[in-house]
Every structure is written in C-alpha cells, then in structure tokens.
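Asks: Next up is a structure, given as structure tokens.
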Amino acid sequence: MEKHPLSHMENKQPKQDLLDKYSGKTFAPLKPVAVQKEPSEKQEYLALVEYTRAGRNNRFRVITRNGDSLGFAYAFLIGWVFSPPNLLTLTMTTHTLAIQGKGLEEIDRALLDEKVKELREYIPERYILPEGAKIVVDRLEVVSRFEEKS
C-alpha cells in the first residue's frame, strides 16, 4: 500500500498545546487617551496638502471644524462636481462632502491628479490665515449615508 504524499506533513502537536499557547492570556483593558482638541497656540492655516507624486495615492483625509479627521480611499470616490467659483461637492460611497470657499479649482485639479493628501476647514480660533492665501475652505459639510436624517 502506497503512503499518501502529504502524510509526513501531519501536525503532530496536540491540540491542547496550541490552546495553551494561544489562549488564556489576559490583557489589561485599554485606557482612554486624553485628546487635546484645541492646540495650545494657533498654527498657520493650509487648506490643501498634496502628495508629492501624482496618481496611485491610496487615501486622503478631511479635517472638519470640530477637529475630526475623516479618512477616505480614492477607490471609493465616486465623483465630484465643481461649481465655480466657490462650491465643490464630493460623492463617496459612504459620505457626501460639500466644500465652500475660495481657490477650489486647485482642489479640483489635485483631485483629478489624485494628489489630495489632506483638506482642512479654516477655523479662525485655531489657525492663522496667511496673507494672500490662495485656497481657503470656509465651510466643509460632511453627510454620512449611514446617519438617519431627522
């Protein structure tokens, strides 16, 4: 009788050894980390941060007025509508973003090149607006497709 070719590869370690090795370990519960929403001093405002190379950039993030950071994958960007001069609407599979401000044609161009790394809403209490800033996101509204509308 011929032996099966994989019979020599059978696992000889008892199941209990595996259970002992990988189970029964307890870990301390995670402790909440204090998050500082307000920076101690104002930073210079930059509405658009771009990747240094075009194309094949996987993700970008949007930072809202309340400091939340939302990450999006370019693969889930369905499309956008730029209504010059001051409205840009992005449609994602999970969210819709309405962006109002000035210089939005630069964001439109960067989206086309998949170079957007970060978009940030201007908050006067948090940022210093540089003189002659070309791009300013005055209002950024994010609507989730999963939240119920009241």
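By convention in this document, the chains of the structure tokens carry letters A, B, ... by their order, each chain's residues are numbered from 1, and ligands are numbered from 1 in the order they are shown.
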Please provide as a list in words all residues within 7 Å of stretch 87-104 of chain A, with the sequence filter that same-chain residues fewer than 5 positions apart are discarded (counting only C-alpha atoms).
Replies: Phe76, Leu77, Ile78, Gly79, Trp80, Val81, Phe82, Lys134, Ile135, Val136, Val137, Asp138, Arg139, Leu140, Glu141, Val142, Val143, Ser144 and Arg145 of chain A
Asks: For A:Phe72, find every residue with an atom within 6 Å (counting only C-alpha atoms), except residues of its own chain fewer than 6 positions away, and show them as number ranges by chain.
Replies: A: 59-61
Asks: Rounded to one decimal, what separation in Å do you get between atom CA of A:Asp113 and atom CA of A:Ala133?
Replies: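 Computed distance, atom CA of A:Asp113 to atom CA of A:Ala133, equals 21.6 Å.
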Asks: Go through A:Leu48, A:Gly67, A:Pro130, A:Pro124 and flag the residue nearest A:Asp108, using only C-alpha atoms for the distances.
Replies: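 Of A:Leu48, A:Gly67, A:Pro130, A:Pro124, the one nearest A:Asp108 is A:Leu48, counting only C-alpha atoms.
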Asks: Grab the atom CA of A:Glu50 to atom CA of A:Val116 distance for me, in Å with one decimal place.
Replies: 4.8 Å
Asks: For A:Asn57, which residue out of A:Arg120, A:Arg109, A:Lys115, A:Arg126 is the nearest one, using only C-alpha atoms?
Replies: A:Lys115
Asks: What residues in stretch 75-127 of chain A get the DSSP label helix (DSSP H, G or I)? Please answer as a PDB file with N, CA and C atoms, in the first residue's frame.
Replies:
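Written file, result-v1.pdb:
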ATOM      1  N   ALA A  75     -10.305  54.959  -4.044  1.00  0.00           N
ATOM      2  CA  ALA A  75     -11.094  53.918  -4.708  1.00  0.00           C
ATOM      3  C   ALA A  75     -12.588  54.079  -4.454  1.00  0.00           C
ATOM      4  N   PHE A  76     -12.956  54.763  -3.368  1.00  0.00           N
ATOM      5  CA  PHE A  76     -14.362  54.940  -3.027  1.00  0.00           C
ATOM      6  C   PHE A  76     -14.888  56.335  -3.355  1.00  0.00           C
ATOM      7  N   LEU A 104     -11.046  76.845  -4.959  1.00  0.00           N
ATOM      8  CA  LEU A 104     -11.423  75.427  -5.025  1.00  0.00           C
ATOM      9  C   LEU A 104     -11.005  74.765  -6.330  1.00  0.00           C
ATOM     10  N   GLU A 105     -10.687  75.559  -7.349  1.00  0.00           N
ATOM     11  CA  GLU A 105     -10.203  74.973  -8.604  1.00  0.00           C
ATOM     12  C   GLU A 105      -8.885  74.231  -8.379  1.00  0.00           C
ATOM     13  N   GLU A 106      -8.112  74.660  -7.381  1.00  0.00           N
ATOM     14  CA  GLU A 106      -6.865  73.950  -7.050  1.00  0.00           C
ATOM     15  C   GLU A 106      -7.162  72.587  -6.425  1.00  0.00           C
ATOM     16  N   ILE A 107      -8.193  72.510  -5.610  1.00  0.00           N
ATOM     17  CA  ILE A 107      -8.599  71.223  -5.033  1.00  0.00           C
ATOM     18  C   ILE A 107      -9.143  70.325  -6.131  1.00  0.00           C
ATOM     19  N   ASP A 108      -9.922  70.899  -7.063  1.00  0.00           N
ATOM     20  CA  ASP A 108     -10.449  70.156  -8.213  1.00  0.00           C
ATOM     21  C   ASP A 108      -9.309  69.551  -9.025  1.00  0.00           C
ATOM     22  N   ARG A 109      -8.272  70.335  -9.296  1.00  0.00           N
ATOM     23  CA  ARG A 109      -7.106  69.857 -10.047  1.00  0.00           C
ATOM     24  C   ARG A 109      -6.379  68.749  -9.285  1.00  0.00           C
ATOM     25  N   ALA A 110      -6.195  68.953  -7.994  1.00  0.00           N
ATOM     26  CA  ALA A 110      -5.485  67.960  -7.181  1.00  0.00           C
ATOM     27  C   ALA A 110      -6.271  66.654  -7.085  1.00  0.00           C
ATOM     28  N   LEU A 111      -7.606  66.731  -7.038  1.00  0.00           N
ATOM     29  CA  LEU A 111      -8.427  65.510  -7.045  1.00  0.00           C
ATOM     30  C   LEU A 111      -8.251  64.752  -8.357  1.00  0.00           C
ATOM     31  N   LEU A 112      -8.227  65.487  -9.449  1.00  0.00           N
ATOM     32  CA  LEU A 112      -8.061  64.872 -10.766  1.00  0.00           C
ATOM     33  C   LEU A 112      -6.726  64.131 -10.862  1.00  0.00           C
TER      34      LEU A 112
END
Asks: When you draw a straight line from atom CA of A:Val62 to atom CA of A:Gly132, how long is it in Å?
Replies: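 So the answer is 22.6 Å.
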